[in-house]
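Structure file target.cif (mmCIF, C-alpha atoms and all ligand atoms) follows.
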data_structure
loop_
_atom_site.group_PDB
_atom_site.id
_atom_site.type_symbol
_atom_site.label_atom_id
_atom_site.label_comp_id
_atom_site.auth_asym_id
_atom_site.auth_seq_id
_atom_site.Cartn_x
_atom_site.Cartn_y
_atom_site.Cartn_z
ATOM 1 C CA MET A 1 12.624 204.223 48.660
ATOM 2 C CA ILE A 2 10.739 200.993 48.721
ATOM 3 C CA LYS A 3 10.408 198.661 45.726
ATOM 4 C CA GLU A 4 6.947 198.593 44.162
ATOM 5 C CA ASN A 5 6.452 194.838 44.604
ATOM 6 C CA ILE A 6 7.483 195.055 48.258
ATOM 7 C CA GLU A 7 5.170 198.014 48.845
ATOM 8 C CA LYS A 8 2.302 196.051 47.277
ATOM 9 C CA ALA A 9 3.019 192.985 49.427
ATOM 10 C CA LEU A 10 3.171 195.093 52.597
ATOM 11 C CA ASN A 11 -0.087 196.823 51.696
ATOM 12 C CA ASN A 12 -1.680 193.412 51.158
ATOM 13 C CA GLN A 13 -0.418 192.392 54.590
ATOM 14 C CA ILE A 14 -2.059 195.450 56.152
ATOM 15 C CA ASN A 15 -5.326 194.284 54.620
ATOM 16 C CA ALA A 16 -4.801 190.743 55.953
ATOM 17 C CA GLU A 17 -4.081 192.032 59.458
ATOM 18 C CA ILE A 18 -7.181 194.220 59.463
ATOM 19 C CA TYR A 19 -9.233 191.325 58.094
ATOM 20 C CA SER A 20 -7.975 189.187 60.998
ATOM 21 C CA ALA A 21 -9.015 191.931 63.407
ATOM 22 C CA TYR A 22 -12.427 191.939 61.729
ATOM 23 C CA LEU A 23 -12.761 188.177 62.206
ATOM 24 C CA TYR A 24 -11.856 188.410 65.887
ATOM 25 C CA LEU A 25 -14.300 191.264 66.337
ATOM 26 C CA SER A 26 -17.089 189.208 64.745
ATOM 27 C CA MET A 27 -16.254 186.425 67.208
ATOM 28 C CA ALA A 28 -16.387 188.921 70.073
ATOM 29 C CA ALA A 29 -19.813 190.049 68.893
ATOM 30 C CA TYR A 30 -21.002 186.467 68.848
ATOM 31 C CA PHE A 31 -19.755 185.783 72.378
ATOM 32 C CA HIS A 32 -21.397 188.971 73.614
ATOM 33 C CA SER A 33 -24.663 187.825 72.023
ATOM 34 C CA VAL A 34 -24.618 184.540 73.954
ATOM 35 C CA ASN A 35 -23.619 186.232 77.229
ATOM 36 C CA LEU A 36 -20.025 184.994 77.376
ATOM 37 C CA PRO A 37 -18.261 188.262 78.237
ATOM 38 C CA GLY A 38 -14.952 186.635 79.166
ATOM 39 C CA PHE A 39 -14.647 184.968 75.767
ATOM 40 C CA ALA A 40 -15.789 188.195 74.119
ATOM 41 C CA ASN A 41 -13.125 190.169 75.945
ATOM 42 C CA TRP A 42 -10.407 187.744 74.883
ATOM 43 C CA MET A 43 -11.491 188.132 71.240
ATOM 44 C CA ARG A 44 -11.437 191.908 71.613
ATOM 45 C CA VAL A 45 -7.864 191.721 72.890
ATOM 46 C CA GLN A 46 -6.957 189.681 69.786
ATOM 47 C CA THR A 47 -8.652 192.338 67.641
ATOM 48 C CA GLN A 48 -6.392 195.009 69.122
ATOM 49 C CA GLU A 49 -3.318 192.875 68.581
ATOM 50 C CA GLU A 50 -4.103 192.427 64.874
ATOM 51 C CA LEU A 51 -4.692 196.165 64.491
ATOM 52 C CA MET A 52 -1.323 196.770 66.144
ATOM 53 C CA HIS A 53 0.278 194.445 63.551
ATOM 54 C CA ALA A 54 -1.399 196.407 60.753
ATOM 55 C CA MET A 55 -0.051 199.670 62.139
ATOM 56 C CA LYS A 56 3.486 198.270 62.281
ATOM 57 C CA PHE A 57 3.325 197.604 58.529
ATOM 58 C CA TYR A 58 1.715 201.015 58.012
ATOM 59 C CA ASP A 59 4.554 202.737 59.854
ATOM 60 C CA HIS A 60 7.206 200.660 58.104
ATOM 61 C CA ILE A 61 5.920 201.605 54.646
ATOM 62 C CA ASN A 62 5.943 205.288 55.590
ATOM 63 C CA GLU A 63 9.393 205.089 57.168
ATOM 64 C CA ARG A 64 10.738 203.564 53.940
ATOM 65 C CA GLY A 65 9.247 206.353 51.818
ATOM 66 C CA GLY A 66 6.442 204.224 50.402
ATOM 67 C CA ARG A 67 2.745 204.859 50.166
ATOM 68 C CA VAL A 68 0.045 203.108 52.169
ATOM 69 C CA TYR A 69 -2.978 202.094 50.105
ATOM 70 C CA LEU A 70 -5.951 200.817 52.030
ATOM 71 C CA SER A 71 -8.250 198.471 50.163
ATOM 72 C CA ALA A 72 -11.672 197.077 51.042
ATOM 73 C CA ILE A 73 -11.876 194.568 53.844
ATOM 74 C CA ARG A 74 -13.829 191.562 52.671
ATOM 75 C CA ARG A 75 -16.858 190.473 54.594
ATOM 76 C CA SER A 76 -16.344 187.840 57.227
ATOM 77 C CA SER A 77 -17.942 184.580 56.137
ATOM 78 C CA TYR A 78 -17.041 182.979 59.423
ATOM 79 C CA ARG A 79 -20.139 181.806 61.283
ATOM 80 C CA MET A 80 -19.369 181.384 64.943
ATOM 81 C CA GLU A 81 -22.693 179.672 65.570
ATOM 82 C CA VAL A 82 -21.691 176.817 63.266
ATOM 83 C CA ALA A 83 -18.266 176.407 64.878
ATOM 84 C CA PHE A 84 -19.727 176.535 68.382
ATOM 85 C CA ARG A 85 -22.300 173.807 67.618
ATOM 86 C CA SER A 86 -19.524 171.393 66.660
ATOM 87 C CA PHE A 87 -18.327 171.144 70.277
HETATM 88 FE FE FE B 1 -1.341 189.607 62.808
#

Would you write out, as structure tokens, the structure that this file holds?
Amino acid sequence: MIKENIEKALNNQINAEIYSAYLYLSMAAYFHSVNLPGFANWMRVQTQEELMHAMKFYDHINERGGRVYLSAIRRSSYRMEVAFRSF
């Protein structure tokens, strides 16, 4: 069995990994919108990697007899347009 504080920390990490995937996906969407498919593809690959990280924590919690709790993913406040203009 997994300790409650460890289970909570691992569940928080799942949320952080999925949030990272969400950020990368928003970047991919931006690059698609400005016709930069290569950049967009690279961001999509990063999205998949973050989701893979989340699933590793998911599996680990289950393997240790814990319970996965999925919480809301906060909205991305990252504005790619602003970052891109700074170059
Ligand atoms: Fe990650």

Between CA of His53 in chain A and CA of Phe39 in chain A - distance in Å to one decimal: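 Answer for the CA of Phe39 in chain A to CA of His53 in chain A separation: 21.5 Å.
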
Point-to-point distance from CA of Ser33 in chain A to atom FE of ligand FE 1 (chain B), Å rounded to tenths: 25.1 Å

Picked residues, the PyMOL selection byres (((chain A and resi 30) around 12) and not hetatm), as a list in words: Leu23, Tyr24, Leu25, Ser26, Met27, Ala28, Ala29, Phe31, His32, Ser33, Val34, Asn35, Leu36, Pro37, Gly38, Phe39, Ala40, Asn41, Met43, Arg44, Tyr78, Arg79, Met80, Glu81, Val82, Ala83 and Phe84 of chain A

One-decimal distance in Å that lies between CA of Ser76 in chain A and CA of Glu7 in chain A: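 So the two atoms, CA of Glu7 in chain A and CA of Ser76 in chain A, lie 25.2 Å apart.
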
Near-Gln13 in chain A list (12 Å; only C-alpha atoms; drop same-chain fewer than 6 positions) as a list in words: Ile6, Glu7, Tyr19, Ser20, Glu50, Leu51, His53, Ala54, Met55, Lys56, Phe57, Tyr58, His60, Ile61, Val68, Tyr69, Leu70, Ser71 and Ile73 of chain A

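Nearest-residue note for ligand FE 1 (chain B): choosing from A:Tyr22, A:Trp42, A:Ala9, A:Glu49, the minimum distance belongs to A:Glu49, counting only C-alpha atoms and all ligand atoms.
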
Counting only C-alpha atoms and all ligand atoms, the option among A:Met52, A:Val45, A:Met1, A:Leu10 closest to ligand FE 1 (chain B):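 Under the stated criterion, the closest residue is A:Met52.
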
Once you add 6 Å to each side, what are the centre and edge lengths of the axis-aligned box holding all listed atoms of range 60-65 of chain A? One decimal in Å, as JSON, if you can.
{"center_x": 8.3, "center_y": 203.5, "center_z": 55.0, "size_x": 16.8, "size_y": 17.7, "size_z": 18.3}

Pick from A:Gly66, A:Gln48, A:Asp59, A:Ala21, whichever lies nearest to Lys8 in chain A using all atoms listed in the file: A:Gly66

For ligand FE 1 (chain B), the nearest of the candidates A:Gln46, A:Gly65, A:Arg74, A:Glu17, counting only C-alpha atoms and all ligand atoms: A:Glu17

From A:Lys3, A:Arg64, A:Ile14, A:Ala72, residue lying nearest ligand FE 1 (chain B) [only C-alpha atoms and all ligand atoms]: A:Ile14

Would you kindly place N, CA and C atoms on range 41-68 of chain A and return the model as a tab-separated table (two decimals), in the coordinates of the input?
chain	number	residue	atom	x	y	z
A	41	ASN	N	-14.26	189.29	75.62
A	41	ASN	CA	-13.12	190.17	75.94
A	41	ASN	C	-11.82	189.64	75.35
A	42	TRP	N	-11.63	188.34	75.44
A	42	TRP	CA	-10.41	187.74	74.88
A	42	TRP	C	-10.33	187.99	73.37
A	43	MET	N	-11.46	187.87	72.69
A	43	MET	CA	-11.49	188.13	71.24
A	43	MET	C	-11.22	189.61	70.95
A	44	ARG	N	-11.71	190.48	71.80
A	44	ARG	CA	-11.44	191.91	71.61
A	44	ARG	C	-9.95	192.21	71.79
A	45	VAL	N	-9.31	191.54	72.71
A	45	VAL	CA	-7.86	191.72	72.89
A	45	VAL	C	-7.13	191.27	71.62
A	46	GLN	N	-7.58	190.16	71.03
A	46	GLN	CA	-6.96	189.68	69.79
A	46	GLN	C	-7.17	190.69	68.66
A	47	THR	N	-8.36	191.30	68.64
A	47	THR	CA	-8.65	192.34	67.64
A	47	THR	C	-7.62	193.45	67.73
A	48	GLN	N	-7.36	193.93	68.93
A	48	GLN	CA	-6.39	195.01	69.12
A	48	GLN	C	-4.99	194.60	68.69
A	49	GLU	N	-4.65	193.35	68.97
A	49	GLU	CA	-3.32	192.88	68.58
A	49	GLU	C	-3.16	192.89	67.06
A	50	GLU	N	-4.19	192.43	66.34
A	50	GLU	CA	-4.10	192.43	64.87
A	50	GLU	C	-4.03	193.85	64.32
A	51	LEU	N	-4.76	194.76	64.94
A	51	LEU	CA	-4.69	196.16	64.49
A	51	LEU	C	-3.30	196.74	64.74
A	52	MET	N	-2.69	196.32	65.85
A	52	MET	CA	-1.32	196.77	66.14
A	52	MET	C	-0.36	196.25	65.06
A	53	HIS	N	-0.56	194.99	64.63
A	53	HIS	CA	0.28	194.44	63.55
A	53	HIS	C	0.12	195.29	62.29
A	54	ALA	N	-1.14	195.61	61.96
A	54	ALA	CA	-1.40	196.41	60.75
A	54	ALA	C	-0.66	197.74	60.83
A	55	MET	N	-0.69	198.36	62.00
A	55	MET	CA	-0.05	199.67	62.14
A	55	MET	C	1.47	199.58	62.06
A	56	LYS	N	2.04	198.44	62.43
A	56	LYS	CA	3.49	198.27	62.28
A	56	LYS	C	3.86	198.27	60.80
A	57	PHE	N	3.07	197.59	59.98
A	57	PHE	CA	3.32	197.60	58.53
A	57	PHE	C	3.09	199.00	57.96
A	58	TYR	N	2.04	199.64	58.44
A	58	TYR	CA	1.72	201.02	58.01
A	58	TYR	C	2.91	201.94	58.27
A	59	ASP	N	3.42	201.89	59.49
A	59	ASP	CA	4.55	202.74	59.85
A	59	ASP	C	5.80	202.38	59.05
A	60	HIS	N	6.02	201.09	58.84
A	60	HIS	CA	7.21	200.66	58.10
A	60	HIS	C	7.18	201.19	56.67
A	61	ILE	N	6.03	201.09	56.02
A	61	ILE	CA	5.92	201.60	54.65
A	61	ILE	C	6.25	203.09	54.62
A	62	ASN	N	5.69	203.84	55.56
A	62	ASN	CA	5.94	205.29	55.59
A	62	ASN	C	7.40	205.61	55.91
A	63	GLU	N	7.99	204.86	56.82
A	63	GLU	CA	9.39	205.09	57.17
A	63	GLU	C	10.33	204.81	56.00
A	64	ARG	N	9.91	203.90	55.10
A	64	ARG	CA	10.74	203.56	53.94
A	64	ARG	C	10.42	204.44	52.73
A	65	GLY	N	9.57	205.43	52.91
A	65	GLY	CA	9.25	206.35	51.82
A	65	GLY	C	8.21	205.82	50.85
A	66	GLY	N	7.49	204.79	51.26
A	66	GLY	CA	6.44	204.22	50.40
A	66	GLY	C	5.11	204.89	50.64
A	67	ARG	N	4.09	204.31	50.04
A	67	ARG	CA	2.74	204.86	50.17
A	67	ARG	C	1.82	203.74	50.64
A	68	VAL	N	1.05	204.06	51.67
A	68	VAL	CA	0.04	203.11	52.17
A	68	VAL	C	-1.21	203.26	51.34
